[in-house]
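Here's the structure we're looking at; comments come further down.
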Amino acid sequence: MKNNHPPFSTFTRSCLIAACLSAAVHGATDTPPLVKLERPVPAWLTNAVFYQIYPQSFADTNGDGIGDLRGIISKLDYVKSLGVSAIWLNPFYDSPFGDAGYDVRDYKKVAPRYGTNLDAKLLISEAHKRGIRVIVDLVAGHTSVEHPWFQESLHKDAKTDKGFYVWAPKDANVQDFIASPGPREGKYLKNFFPFQPALNYGYGRPDPARPWEHRPSSPDCMAVREAMRDVMKYWLDQGCDGFRVDMAASLIKKDDNKELAALWNDYRTWLKRYKPDAVLVSEWSNPAKAIPSGFDIDFIIHFENPAYRHLMNPIVQRDNANHSFFSVDGSGDITAFLAEYLQQYEKTKALGFISLPTGNHDFSRPRFQGREIPDLKVIYTMLLTMPGVPFIYYGDEIGMRNLKGWPDKEGAQWRGSCRSPMQWTAGTNAGFSTAPADKLYLPLDPDPQRPNVADQEKDPNSLLNFTRQLIALRQKNPSLGPLGGFKPLYAQKGAYPFVYLRSGGPENFIIAVNPSPAATECDVPELDGATLVVGSGAEASGAKLKMAPASYAIYRTKSIH
Ligand code: GLC
Ligand code: CA
C-alpha cells in the first residue's frame, strides 16, 4: 500500500543509515553525535515540522461563518510557504458538535458543514502535490452518544449487546458511569464529557467481582479494536499519512501500561505494514510511556507531564501562578523544565520524538499573560531548535492573541480563547469569512491592531517571516532536527539565559534565549569563535555572552568535533 508521491521521493532513504554514518564521522567525546535510532521512523519525520489546523476556524469559503475543507485547500500555498512538512487536521467528521467534533457520530463521513468526503480526499492530494503530508485526528477512545454503535447498544440488553461500550448495572458502585438515557437499564462508562461513551477496549486488571470489566483480549474488546482499525484503514485509503490519537492513554482502563503498550504496538505493527511512511502521534503527554508503546511522537502538553508547565504554563485558568521559564516577569527556572524533559528525552530519543508545540486547541496561545510579539520570537527560537518535532498551531506564526473569556462554544469551556478565526488580512472579518460578524464560528479578536498574514508577508521582520526563517534553518541542518545531539551549556537554577548545543551535523549550533525582562550575562566557553546566524539583543565576545531583555541568538559554532 506504499503510496509514493513524486515530491516525497527524495526522502525515501532510511534515516537509520544517515544517522549511523554521521555519528561515526563526528564521534566526539563531549559533543553529542546524531542519535542512532533503535526503531525505524519514516525518514520524512527526521526533519519534520507540523502545522495544526482547526478546520472550523481557518478559512470559510461558502460564507456560513464556519471554516471548511475547501477553505483549507485554498490556503495550502500559504501553508507550503511556511516550509512545514505536514498538517495535523482536527476532527472534521460528522458529529453533533457537543465537543467541537471530538464526539464522532460517523468516523467515515465528513461533517456537511466542512464539505464532503471528496473534499477531504482532494485536500489530501492537493497537500501531497505540494510535498505536505496530512495526519488526521483519530478519536479512538469514545464516540458520540449519537453514533449508531451506541444507539444500538442503548436499545439492546446485556445478553444481545455486542459489547462495544462498558455497561454496569444501575446500582453498581462505580465512578464515571452515566445513567442510561434510553430503554436499556444500567449505566455506561464515559470517557470525557458524559455524551462521549468510552469504547470497550478492556481493563488491564479486571475485577472478577465486576463482570463489565473485560480483558482486552476478550472477543468484544477485540471487535472494538478491529472496528477502529477499519476507521484507520478508511482514512489511509483516502491518502492520509497517519494519525494524531486523541486521549491515547485512555483506551485501556486500570492498566499498568502493559495492555495499553500491547494495544498500540499492535496498531503500530499493522500501520507500518499497511503504509510504511505513516506516523502515529499521541495525545498522552508522557513520552516515556507513549513512545515505547508504539508512537512516533508524543506531545508534552498541559496535563500529566509537568515539564511544559515549567516552560510555558499553558493553562488559561491558572494564570495567577505563572512561574514558567517563558513568563514575562522572569520568575521561571529552566532546571525545573530540564529535570523533567531530559528524563523523558533520554528514555525515548532512540525510538521516537517529543513535541513541544507552540499551542493547540486545548490550551492557551503563547501570546498571553503579557507576552507580546517580540517575546514570541524568543520562545519560537527555542521551540524550533529543540530536539523532537515542532508543531505550530494555526495563527501562532503571526502572534494571534489568546482571548481570555471567549465564548464557550461547542463544549469549549475556557478553550474558546485559542480557537478564534484565523486572521488573514486587515479587511472585513480578517479575511476569514464573508458572513456577518455575528455568524462567525467564534468572534474575532476585536483589537484594531490584530496581526494578520497579509501585513506580515510584507514585513521582513515580522513574526511570520521569522518563523519561516527558523523552520528553514532547522530543516537544512540535521543537527537542529530530532536526531541532532542536545546538550545544555548554561542552565542554572532560577537564572537566565538558557544556552544549549545542537550537534552531530555538518554544522553545529549554539542557541541562547533570554525571555526575562532583565539583561543578563554568562560565560559559555563553547561560544568562542562562533558566528551569529539569527539573533537580536545578544552579544558574544570570546566566551562572554551578554543578553538584553527578551533576546535570542543562534550561533554556528566553530566546529566542536
Ligand atoms: C482531547 C482533545 C480535546 C477533547 C478531548 C475529548 O483532549 O484534544 O479537544 O475535548 O480529547 O475528546
Ligand atoms: Ca463554511
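Order determines the names: the first chain of the C-alpha cells is A, the second B, and so forth; residues in each chain are numbered 1 upward, and ligands are numbered 1 upward as they are shown.
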
Considering only C-alpha atoms and all ligand atoms, tabulate each residue of chain A that lies at most 8 Å from ligand 2 along with its nearest interatomic pair and the corresponding distance in Å to one decimal; arrange the rows by chain and ascending residue number and present them as JSON lines.
```
{"residue": "A:Gln56", "atom": "CA", "partner": "ligand 2", "partner_atom_place_in_ligand_line": "1 (Ca)", "distance": 7.7}
{"residue": "A:Ala59", "atom": "CA", "partner": "ligand 2", "partner_atom_place_in_ligand_line": "1 (Ca)", "distance": 7.5}
{"residue": "A:Asp60", "atom": "CA", "partner": "ligand 2", "partner_atom_place_in_ligand_line": "1 (Ca)", "distance": 4.3}
{"residue": "A:Thr61", "atom": "CA", "partner": "ligand 2", "partner_atom_place_in_ligand_line": "1 (Ca)", "distance": 5.3}
{"residue": "A:Asn62", "atom": "CA", "partner": "ligand 2", "partner_atom_place_in_ligand_line": "1 (Ca)", "distance": 4.7}
{"residue": "A:Gly63", "atom": "CA", "partner": "ligand 2", "partner_atom_place_in_ligand_line": "1 (Ca)", "distance": 5.6}
{"residue": "A:Asp64", "atom": "CA", "partner": "ligand 2", "partner_atom_place_in_ligand_line": "1 (Ca)", "distance": 4.8}
{"residue": "A:Gly65", "atom": "CA", "partner": "ligand 2", "partner_atom_place_in_ligand_line": "1 (Ca)", "distance": 5.7}
{"residue": "A:Ile66", "atom": "CA", "partner": "ligand 2", "partner_atom_place_in_ligand_line": "1 (Ca)", "distance": 4.2}
{"residue": "A:Gly67", "atom": "CA", "partner": "ligand 2", "partner_atom_place_in_ligand_line": "1 (Ca)", "distance": 4.6}
{"residue": "A:Asp68", "atom": "CA", "partner": "ligand 2", "partner_atom_place_in_ligand_line": "1 (Ca)", "distance": 4.8}
{"residue": "A:Gly71", "atom": "CA", "partner": "ligand 2", "partner_atom_place_in_ligand_line": "1 (Ca)", "distance": 7.6}
{"residue": "A:Arg113", "atom": "CA", "partner": "ligand 2", "partner_atom_place_in_ligand_line": "1 (Ca)", "distance": 6.3}
{"residue": "A:Tyr114", "atom": "CA", "partner": "ligand 2", "partner_atom_place_in_ligand_line": "1 (Ca)", "distance": 6.4}
{"residue": "A:Ser433", "atom": "CA", "partner": "ligand 2", "partner_atom_place_in_ligand_line": "1 (Ca)", "distance": 7.9}
```

Fill in: Non-local contacts of A:Glu126 (8 Å; only C-alpha atoms; under 3 positions in same chain excluded) as a PyMOL selection string
chain A and resi 73+76+122-123+129-130

Produce a table with one row for each residue of stretch 425-487 of chain A that has an atom at most 10 Å from any atom of stretch 522-542 of chain A, each row naming the nearest atom pair and its distance in Å at one decimal; use only C-alpha atoms; arrange rows by chain and rising residue number; format as a Markdown table.
```
| residue | atom | partner | partner_atom | distance |
| --- | --- | --- | --- | --- |
| A:Phe466 | CA | A:Val534 | CA | 9.3 |
| A:Gln469 | CA | A:Val534 | CA | 8.8 |
| A:Leu470 | CA | A:Val534 | CA | 8.6 |
| A:Leu473 | CA | A:Val533 | CA | 9.4 |
```

Using only all heavy atoms, please write the residues we just selected to a file, as a PDB file, in the first residue's frame.
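So the final result, stored in part.pdb, reads:
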```
ATOM      1  N   PHE A 466       9.986  35.512  10.471  1.00  0.00           N
ATOM      2  CA  PHE A 466      10.948  34.961  11.427  1.00  0.00           C
ATOM      3  C   PHE A 466      10.715  33.451  11.607  1.00  0.00           C
ATOM      4  O   PHE A 466      11.656  32.649  11.594  1.00  0.00           O
ATOM      5  CB  PHE A 466      10.783  35.691  12.763  1.00  0.00           C
ATOM      6  CG  PHE A 466      11.734  35.230  13.826  1.00  0.00           C
ATOM      7  CD1 PHE A 466      13.070  35.588  13.786  1.00  0.00           C
ATOM      8  CD2 PHE A 466      11.279  34.438  14.877  1.00  0.00           C
ATOM      9  CE1 PHE A 466      13.951  35.164  14.787  1.00  0.00           C
ATOM     10  CE2 PHE A 466      12.148  34.014  15.870  1.00  0.00           C
ATOM     11  CZ  PHE A 466      13.493  34.372  15.822  1.00  0.00           C
ATOM     12  N   GLN A 469      11.956  31.616   8.711  1.00  0.00           N
ATOM     13  CA  GLN A 469      13.426  31.549   8.711  1.00  0.00           C
ATOM     14  C   GLN A 469      13.909  30.423   9.644  1.00  0.00           C
ATOM     15  O   GLN A 469      14.820  29.666   9.309  1.00  0.00           O
ATOM     16  CB  GLN A 469      13.935  32.920   9.200  1.00  0.00           C
ATOM     17  CG  GLN A 469      15.399  33.155   9.016  1.00  0.00           C
ATOM     18  CD  GLN A 469      15.822  34.493   9.649  1.00  0.00           C
ATOM     19  OE1 GLN A 469      15.004  35.246  10.216  1.00  0.00           O
ATOM     20  NE2 GLN A 469      17.103  34.783   9.573  1.00  0.00           N
ATOM     21  N   LEU A 470      13.284  30.320  10.810  1.00  0.00           N
ATOM     22  CA  LEU A 470      13.681  29.277  11.766  1.00  0.00           C
ATOM     23  C   LEU A 470      13.372  27.880  11.210  1.00  0.00           C
ATOM     24  O   LEU A 470      14.169  26.956  11.361  1.00  0.00           O
ATOM     25  CB  LEU A 470      12.956  29.448  13.100  1.00  0.00           C
ATOM     26  CG  LEU A 470      13.352  30.632  13.979  1.00  0.00           C
ATOM     27  CD1 LEU A 470      12.499  30.637  15.248  1.00  0.00           C
ATOM     28  CD2 LEU A 470      14.837  30.573  14.356  1.00  0.00           C
ATOM     29  N   LEU A 473      15.944  27.009   8.587  1.00  0.00           N
ATOM     30  CA  LEU A 473      17.254  26.708   9.184  1.00  0.00           C
ATOM     31  C   LEU A 473      17.249  25.308   9.783  1.00  0.00           C
ATOM     32  O   LEU A 473      18.186  24.526   9.613  1.00  0.00           O
ATOM     33  CB  LEU A 473      17.561  27.752  10.270  1.00  0.00           C
ATOM     34  CG  LEU A 473      18.929  27.648  10.918  1.00  0.00           C
ATOM     35  CD1 LEU A 473      20.025  28.061   9.931  1.00  0.00           C
ATOM     36  CD2 LEU A 473      19.007  28.532  12.177  1.00  0.00           C
TER      37      LEU A 473
END
```

Fill in: Filtered DSSP result for stretch 364-527 of chain A, state strand (DSSP E), as a PyMOL selection string
chain A and resi 391-393+485-490+498-503+509-514+520-523

Could you please take those selected residues and save N, CA and C atoms as a compact mmCIF listing (two decimals), in the first residue's frame?
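Dumped to again36.txt:
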```txt
# COMPACT_ATOMS: atom_id res chain seq x y z
N PHE A 391 5.41 21.50 16.50
CA PHE A 391 4.06 21.69 15.96
C PHE A 391 3.71 23.16 16.15
N ILE A 392 3.27 23.80 15.07
CA ILE A 392 2.85 25.20 15.14
C ILE A 392 1.33 25.23 15.00
N TYR A 393 0.68 25.79 15.99
CA TYR A 393 -0.78 25.88 15.97
C TYR A 393 -1.17 27.08 15.11
N GLY A 485 22.26 16.00 18.25
CA GLY A 485 22.63 15.90 19.66
C GLY A 485 22.14 17.12 20.42
N PHE A 486 21.93 16.96 21.71
CA PHE A 486 21.42 18.07 22.54
C PHE A 486 22.20 18.10 23.85
N LYS A 487 22.72 19.29 24.17
CA LYS A 487 23.45 19.41 25.43
C LYS A 487 23.29 20.82 26.01
N PRO A 488 22.72 20.94 27.20
CA PRO A 488 22.65 22.26 27.84
C PRO A 488 24.07 22.76 28.12
N LEU A 489 24.36 24.02 27.82
CA LEU A 489 25.68 24.59 28.10
C LEU A 489 25.61 25.57 29.26
N TYR A 490 24.48 26.26 29.39
CA TYR A 490 24.28 27.13 30.54
C TYR A 490 22.82 27.00 30.98
N PHE A 498 19.09 30.58 28.95
CA PHE A 498 19.32 29.16 28.74
C PHE A 498 20.11 29.04 27.45
N VAL A 499 21.21 28.30 27.52
CA VAL A 499 22.08 28.16 26.35
C VAL A 499 22.33 26.66 26.13
N TYR A 500 22.21 26.23 24.87
CA TYR A 500 22.42 24.80 24.61
C TYR A 500 23.02 24.58 23.23
N LEU A 501 23.57 23.39 23.10
CA LEU A 501 24.25 22.99 21.86
C LEU A 501 23.39 21.99 21.11
N ARG A 502 23.29 22.16 19.80
CA ARG A 502 22.71 21.12 18.92
C ARG A 502 23.82 20.69 17.99
N SER A 503 24.04 19.40 17.89
CA SER A 503 25.27 18.95 17.25
C SER A 503 25.07 17.67 16.44
N PHE A 509 25.24 24.11 16.24
CA PHE A 509 24.68 25.40 16.62
C PHE A 509 24.61 25.55 18.13
N ILE A 510 24.80 26.78 18.57
CA ILE A 510 24.57 27.11 19.98
C ILE A 510 23.40 28.09 20.01
N ILE A 511 22.43 27.78 20.84
CA ILE A 511 21.22 28.61 20.93
C ILE A 511 21.17 29.23 22.32
N ALA A 512 20.86 30.53 22.35
CA ALA A 512 20.77 31.22 23.64
C ALA A 512 19.45 31.99 23.68
N VAL A 513 18.68 31.80 24.74
CA VAL A 513 17.43 32.54 24.87
C VAL A 513 17.32 33.17 26.25
N ASN A 514 16.91 34.45 26.24
CA ASN A 514 16.65 35.15 27.50
C ASN A 514 15.25 35.75 27.43
N THR A 520 21.13 40.12 31.14
CA THR A 520 21.85 39.09 31.88
C THR A 520 23.11 38.71 31.12
N GLU A 521 24.06 38.09 31.81
CA GLU A 521 25.24 37.62 31.09
C GLU A 521 25.78 36.34 31.71
N CYS A 522 26.53 35.61 30.93
CA CYS A 522 27.10 34.36 31.44
C CYS A 522 28.32 34.00 30.59
N ASP A 523 29.06 33.00 31.07
CA ASP A 523 30.21 32.50 30.32
C ASP A 523 29.88 31.19 29.65
```

Worksheet entry | Top pick for closest residue to ligand 1, considering A:Ala426, A:Leu263, A:Ala248, A:Ala339 and counting only C-alpha atoms and all ligand atoms |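 Residue with the minimum atom-to-atom distance to ligand 1: A:Ala248.
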
Worksheet item: Mind listing the residues within 6 Å of ligand 1, only C-alpha atoms and all ligand atoms counted, as a ChimeraX atom specification?
Response: /A:99,102,192,246-247,362

Any idea what's packed within 8 Å of A:Tyr203, counting only C-alpha atoms, ignoring anything in its chain fewer than 5 positions away? Could you give it as a PDB file with all heavy atoms, in the first residue's frame?
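Here's the written file out-v6.pdb:
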```
ATOM      1  N   GLU A 213     -15.983  -5.497  33.550  1.00  0.00           N
ATOM      2  CA  GLU A 213     -14.560  -5.212  33.301  1.00  0.00           C
ATOM      3  C   GLU A 213     -13.959  -6.397  32.541  1.00  0.00           C
ATOM      4  O   GLU A 213     -13.619  -7.420  33.125  1.00  0.00           O
ATOM      5  CB  GLU A 213     -13.828  -4.978  34.631  1.00  0.00           C
ATOM      6  CG  GLU A 213     -14.335  -3.739  35.364  1.00  0.00           C
ATOM      7  CD  GLU A 213     -13.509  -3.363  36.591  1.00  0.00           C
ATOM      8  OE1 GLU A 213     -12.573  -4.112  36.946  1.00  0.00           O
ATOM      9  OE2 GLU A 213     -13.807  -2.317  37.205  1.00  0.00           O
ATOM     10  N   HIS A 214     -13.837  -6.245  31.227  1.00  0.00           N
ATOM     11  CA  HIS A 214     -13.382  -7.360  30.393  1.00  0.00           C
ATOM     12  C   HIS A 214     -11.877  -7.298  30.145  1.00  0.00           C
ATOM     13  O   HIS A 214     -11.282  -6.230  30.201  1.00  0.00           O
ATOM     14  CB  HIS A 214     -14.110  -7.337  29.048  1.00  0.00           C
ATOM     15  CG  HIS A 214     -15.593  -7.522  29.173  1.00  0.00           C
ATOM     16  ND1 HIS A 214     -16.437  -7.531  28.095  1.00  0.00           N
ATOM     17  CD2 HIS A 214     -16.393  -7.700  30.263  1.00  0.00           C
ATOM     18  CE1 HIS A 214     -17.684  -7.705  28.505  1.00  0.00           C
ATOM     19  NE2 HIS A 214     -17.680  -7.798  29.819  1.00  0.00           N
ATOM     20  N   ARG A 215     -11.326  -8.443  29.823  1.00  0.00           N
ATOM     21  CA  ARG A 215      -9.909  -8.459  29.426  1.00  0.00           C
ATOM     22  C   ARG A 215      -9.782  -7.870  28.020  1.00  0.00           C
ATOM     23  O   ARG A 215     -10.666  -8.094  27.187  1.00  0.00           O
ATOM     24  CB  ARG A 215      -9.391  -9.898  29.351  1.00  0.00           C
ATOM     25  CG  ARG A 215      -9.326 -10.552  30.679  1.00  0.00           C
ATOM     26  CD  ARG A 215      -8.407 -11.763  30.724  1.00  0.00           C
ATOM     27  NE  ARG A 215      -8.375 -12.208  32.115  1.00  0.00           N
ATOM     28  CZ  ARG A 215      -7.682 -11.578  33.065  1.00  0.00           C
ATOM     29  NH1 ARG A 215      -6.907 -10.549  32.768  1.00  0.00           N
ATOM     30  NH2 ARG A 215      -7.739 -11.994  34.305  1.00  0.00           N
ATOM     31  N   PRO A 216      -8.668  -7.186  27.737  1.00  0.00           N
ATOM     32  CA  PRO A 216      -8.501  -6.628  26.385  1.00  0.00           C
ATOM     33  C   PRO A 216      -8.555  -7.692  25.286  1.00  0.00           C
ATOM     34  O   PRO A 216      -8.878  -7.388  24.147  1.00  0.00           O
ATOM     35  CB  PRO A 216      -7.122  -5.970  26.448  1.00  0.00           C
ATOM     36  CG  PRO A 216      -6.907  -5.686  27.901  1.00  0.00           C
ATOM     37  CD  PRO A 216      -7.597  -6.781  28.657  1.00  0.00           C
ATOM     38  N   ILE A 252      -7.349   1.698  27.476  1.00  0.00           N
ATOM     39  CA  ILE A 252      -7.491   0.567  28.396  1.00  0.00           C
ATOM     40  C   ILE A 252      -7.565   1.109  29.820  1.00  0.00           C
ATOM     41  O   ILE A 252      -6.780   1.968  30.210  1.00  0.00           O
ATOM     42  CB  ILE A 252      -6.333  -0.424  28.215  1.00  0.00           C
ATOM     43  CG1 ILE A 252      -6.365  -0.884  26.747  1.00  0.00           C
ATOM     44  CG2 ILE A 252      -6.426  -1.568  29.216  1.00  0.00           C
ATOM     45  CD1 ILE A 252      -5.938  -2.237  26.430  1.00  0.00           C
ATOM     46  N   LYS A 253      -8.513   0.628  30.552  1.00  0.00           N
ATOM     47  CA  LYS A 253      -8.724   1.127  31.909  1.00  0.00           C
ATOM     48  C   LYS A 253      -7.949   0.257  32.907  1.00  0.00           C
ATOM     49  O   LYS A 253      -7.686  -0.920  32.624  1.00  0.00           O
ATOM     50  CB  LYS A 253     -10.222   1.104  32.251  1.00  0.00           C
ATOM     51  CG  LYS A 253     -11.105   1.772  31.194  1.00  0.00           C
ATOM     52  CD  LYS A 253     -10.788   3.237  31.001  1.00  0.00           C
ATOM     53  CE  LYS A 253     -11.677   3.879  29.957  1.00  0.00           C
ATOM     54  NZ  LYS A 253     -11.247   5.216  29.558  1.00  0.00           N
ATOM     55  N   LYS A 254      -7.666   0.820  34.053  1.00  0.00           N
ATOM     56  CA  LYS A 254      -6.975   0.113  35.149  1.00  0.00           C
ATOM     57  C   LYS A 254      -5.805  -0.709  34.618  1.00  0.00           C
ATOM     58  O   LYS A 254      -5.810  -1.936  34.673  1.00  0.00           O
ATOM     59  CB  LYS A 254      -7.947  -0.842  35.855  1.00  0.00           C
ATOM     60  CG  LYS A 254      -8.959  -0.177  36.732  1.00  0.00           C
ATOM     61  CD  LYS A 254      -9.380  -1.193  37.784  1.00  0.00           C
ATOM     62  CE  LYS A 254     -10.818  -1.049  38.166  1.00  0.00           C
ATOM     63  NZ  LYS A 254     -11.357  -2.262  38.786  1.00  0.00           N
ATOM     64  N   ASP A 255      -4.840  -0.028  34.077  1.00  0.00           N
ATOM     65  CA  ASP A 255      -3.737  -0.733  33.427  1.00  0.00           C
ATOM     66  C   ASP A 255      -2.424  -0.216  33.981  1.00  0.00           C
ATOM     67  O   ASP A 255      -2.314   0.945  34.352  1.00  0.00           O
ATOM     68  CB  ASP A 255      -3.825  -0.453  31.910  1.00  0.00           C
ATOM     69  CG  ASP A 255      -2.833  -1.274  31.124  1.00  0.00           C
ATOM     70  OD1 ASP A 255      -2.588  -2.425  31.504  1.00  0.00           O
ATOM     71  OD2 ASP A 255      -2.303  -0.751  30.127  1.00  0.00           O
TER      72      ASP A 255
END
```

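Atom pair atom CA of A:Thr425 / atom CA of A:Lys377 has a distance of 21.4 Å (rounded to one decimal).
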
Item to complete: Name all residues at most 7 Å from stretch 153-163 of chain A (count only C-alpha atoms; drop same-chain ones fewer than 4 positions away) and give them as a list in words.
Response: Trp149, Gly182, Pro183, Arg184 and Asp220 of chain A

Per residue of stretch 369-402 of chain A within 12 Å of stretch 292-306 of chain A, what are the shortest atom pair and its distance in Å to one decimal, counting only C-alpha atoms, with rows by chain and residue number, as JSON lines?
```
{"residue": "A:Pro387", "atom": "CA", "partner": "A:Ile297", "partner_atom": "CA", "distance": 11.6}
{"residue": "A:Gly388", "atom": "CA", "partner": "A:Ile297", "partner_atom": "CA", "distance": 7.9}
{"residue": "A:Val389", "atom": "CA", "partner": "A:Ile297", "partner_atom": "CA", "distance": 7.5}
{"residue": "A:Pro390", "atom": "CA", "partner": "A:Phe299", "partner_atom": "CA", "distance": 9.4}
{"residue": "A:Phe391", "atom": "CA", "partner": "A:Phe299", "partner_atom": "CA", "distance": 9.1}
```

Worksheet item: Near A:Arg419, within 10 Å and counting only C-alpha atoms, which residues show up once chain neighbours fewer than 5 positions away are dropped, as a list of chain:residue names?
Response: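 So, after excluding close chain neighbours, the residues are A:Tyr54, A:Gln56, A:Ser57, A:Phe58, A:Asn360, A:His361, A:Asp362, A:Phe363, A:Ser364, A:Arg365, A:Tyr394, A:Gly395, A:Asn402, A:Leu403, A:Trp406, A:Pro407, A:Lys409, A:Ala412, A:Tyr441, A:Leu442, A:Pro443, A:Leu444.
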
Please, could you write that set of residues out with N, CA and C atoms as an mmCIF file, in the first residue's frame?
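The resulting file, selection.cif, is reproduced below:
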```cif
data_model
loop_
_atom_site.group_PDB
_atom_site.id
_atom_site.type_symbol
_atom_site.label_atom_id
_atom_site.label_comp_id
_atom_site.auth_asym_id
_atom_site.auth_seq_id
_atom_site.Cartn_x
_atom_site.Cartn_y
_atom_site.Cartn_z
ATOM 1 N N TYR A 54 -7.222 23.942 12.759
ATOM 2 C CA TYR A 54 -8.528 23.742 13.385
ATOM 3 C C TYR A 54 -9.561 24.105 12.322
ATOM 4 N N GLN A 56 -12.704 24.533 11.683
ATOM 5 C CA GLN A 56 -13.804 25.497 11.782
ATOM 6 C C GLN A 56 -13.320 26.946 11.861
ATOM 7 N N SER A 57 -12.036 27.132 12.151
ATOM 8 C CA SER A 57 -11.530 28.488 12.382
ATOM 9 C C SER A 57 -10.490 28.935 11.376
ATOM 10 N N PHE A 58 -10.324 28.212 10.276
ATOM 11 C CA PHE A 58 -9.191 28.525 9.403
ATOM 12 C C PHE A 58 -9.575 29.386 8.198
ATOM 13 N N ASN A 360 -2.125 24.482 21.244
ATOM 14 C CA ASN A 360 -3.082 23.684 20.482
ATOM 15 C C ASN A 360 -4.488 24.157 20.839
ATOM 16 N N HIS A 361 -5.491 23.417 20.365
ATOM 17 C CA HIS A 361 -6.876 23.863 20.523
ATOM 18 C C HIS A 361 -7.393 23.691 21.949
ATOM 19 N N ASP A 362 -6.569 23.149 22.840
ATOM 20 C CA ASP A 362 -6.992 22.912 24.224
ATOM 21 C C ASP A 362 -6.308 23.816 25.239
ATOM 22 N N PHE A 363 -5.274 24.498 24.849
ATOM 23 C CA PHE A 363 -4.647 25.387 25.836
ATOM 24 C C PHE A 363 -4.279 26.712 25.229
ATOM 25 N N SER A 364 -3.843 27.620 26.091
ATOM 26 C CA SER A 364 -3.754 28.991 25.618
ATOM 27 C C SER A 364 -2.635 29.174 24.614
ATOM 28 N N ARG A 365 -2.849 30.146 23.758
ATOM 29 C CA ARG A 365 -1.806 30.509 22.802
ATOM 30 C C ARG A 365 -0.624 31.113 23.559
ATOM 31 N N TYR A 394 -2.157 26.893 14.214
ATOM 32 C CA TYR A 394 -2.535 27.948 13.262
ATOM 33 C C TYR A 394 -2.643 29.306 13.991
ATOM 34 N N GLY A 395 -2.107 30.323 13.370
ATOM 35 C CA GLY A 395 -2.212 31.665 13.945
ATOM 36 C C GLY A 395 -1.076 32.015 14.891
ATOM 37 N N ASN A 402 -4.255 35.102 22.652
ATOM 38 C CA ASN A 402 -5.180 34.269 23.401
ATOM 39 C C ASN A 402 -6.279 35.191 23.915
ATOM 40 N N LEU A 403 -7.539 34.786 23.717
ATOM 41 C CA LEU A 403 -8.641 35.703 24.022
ATOM 42 C C LEU A 403 -9.399 35.208 25.247
ATOM 43 N N TRP A 406 -13.346 34.148 26.080
ATOM 44 C CA TRP A 406 -14.087 33.964 24.810
ATOM 45 C C TRP A 406 -15.237 32.968 24.998
ATOM 46 N N PRO A 407 -16.267 33.031 24.145
ATOM 47 C CA PRO A 407 -17.449 32.197 24.373
ATOM 48 C C PRO A 407 -17.138 30.700 24.464
ATOM 49 N N LYS A 409 -17.991 27.817 23.209
ATOM 50 C CA LYS A 409 -18.679 27.301 22.029
ATOM 51 C C LYS A 409 -18.487 25.793 21.911
ATOM 52 N N ALA A 412 -16.389 24.121 24.429
ATOM 53 C CA ALA A 412 -15.033 24.666 24.531
ATOM 54 C C ALA A 412 -14.652 24.979 25.973
ATOM 55 N N TYR A 441 -17.922 31.468 13.559
ATOM 56 C CA TYR A 441 -17.837 30.341 14.498
ATOM 57 C C TYR A 441 -17.549 30.844 15.914
ATOM 58 N N LEU A 442 -16.577 31.711 16.026
ATOM 59 C CA LEU A 442 -16.294 32.422 17.277
ATOM 60 C C LEU A 442 -15.943 33.846 16.893
ATOM 61 N N PRO A 443 -16.144 34.809 17.797
ATOM 62 C CA PRO A 443 -15.781 36.183 17.438
ATOM 63 C C PRO A 443 -14.281 36.316 17.182
ATOM 64 N N LEU A 444 -13.961 37.241 16.297
ATOM 65 C CA LEU A 444 -12.559 37.558 16.024
ATOM 66 C C LEU A 444 -11.982 38.416 17.145
#
```

Discussion item. As number ranges by chain, please: the residues near A:Ile291 (cut-off 12 Å, only C-alpha atoms, same-chain neighbours under 2 positions excluded).
Written reply: A: 39, 41, 248-249, 257, 260-261, 264-265, 268, 279-289, 293-300, 344-355

Discussion item. Under the rule that only C-alpha atoms are counted, which of A:Leu440, A:Leu311, A:Leu34, A:Ala519 is the nearest residue to A:Tyr552?
Written reply: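 Once distances to A:Tyr552 are computed over only C-alpha atoms, the minimum belongs to A:Ala519.
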
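We find atom CA of A:Phe177 and atom CA of A:Pro194 to be spaced 8.3 Å apart.
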
Worksheet item: Of the candidates A:Gln423, A:Gln343, A:Ser479, A:Thr428, which one gets nearest to A:Ala454 if we count only C-alpha atoms?
Response: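 Checking each candidate against A:Ala454, we get A:Gln423 as the closest.
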
Item to complete: Could you please write out, as an MDAnalysis selection string, every residue of stretch 60-152 of chain A that DSSP assigns to alpha helix (DSSP H)?
Response: chainID A and resid 69:74 76:82 117:129 148:152

Worksheet item: Mind pulling up the distance from atom CA of A:Val378 to atom CA of A:Pro55?
Response: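 A separation of 28.2 Å between them.
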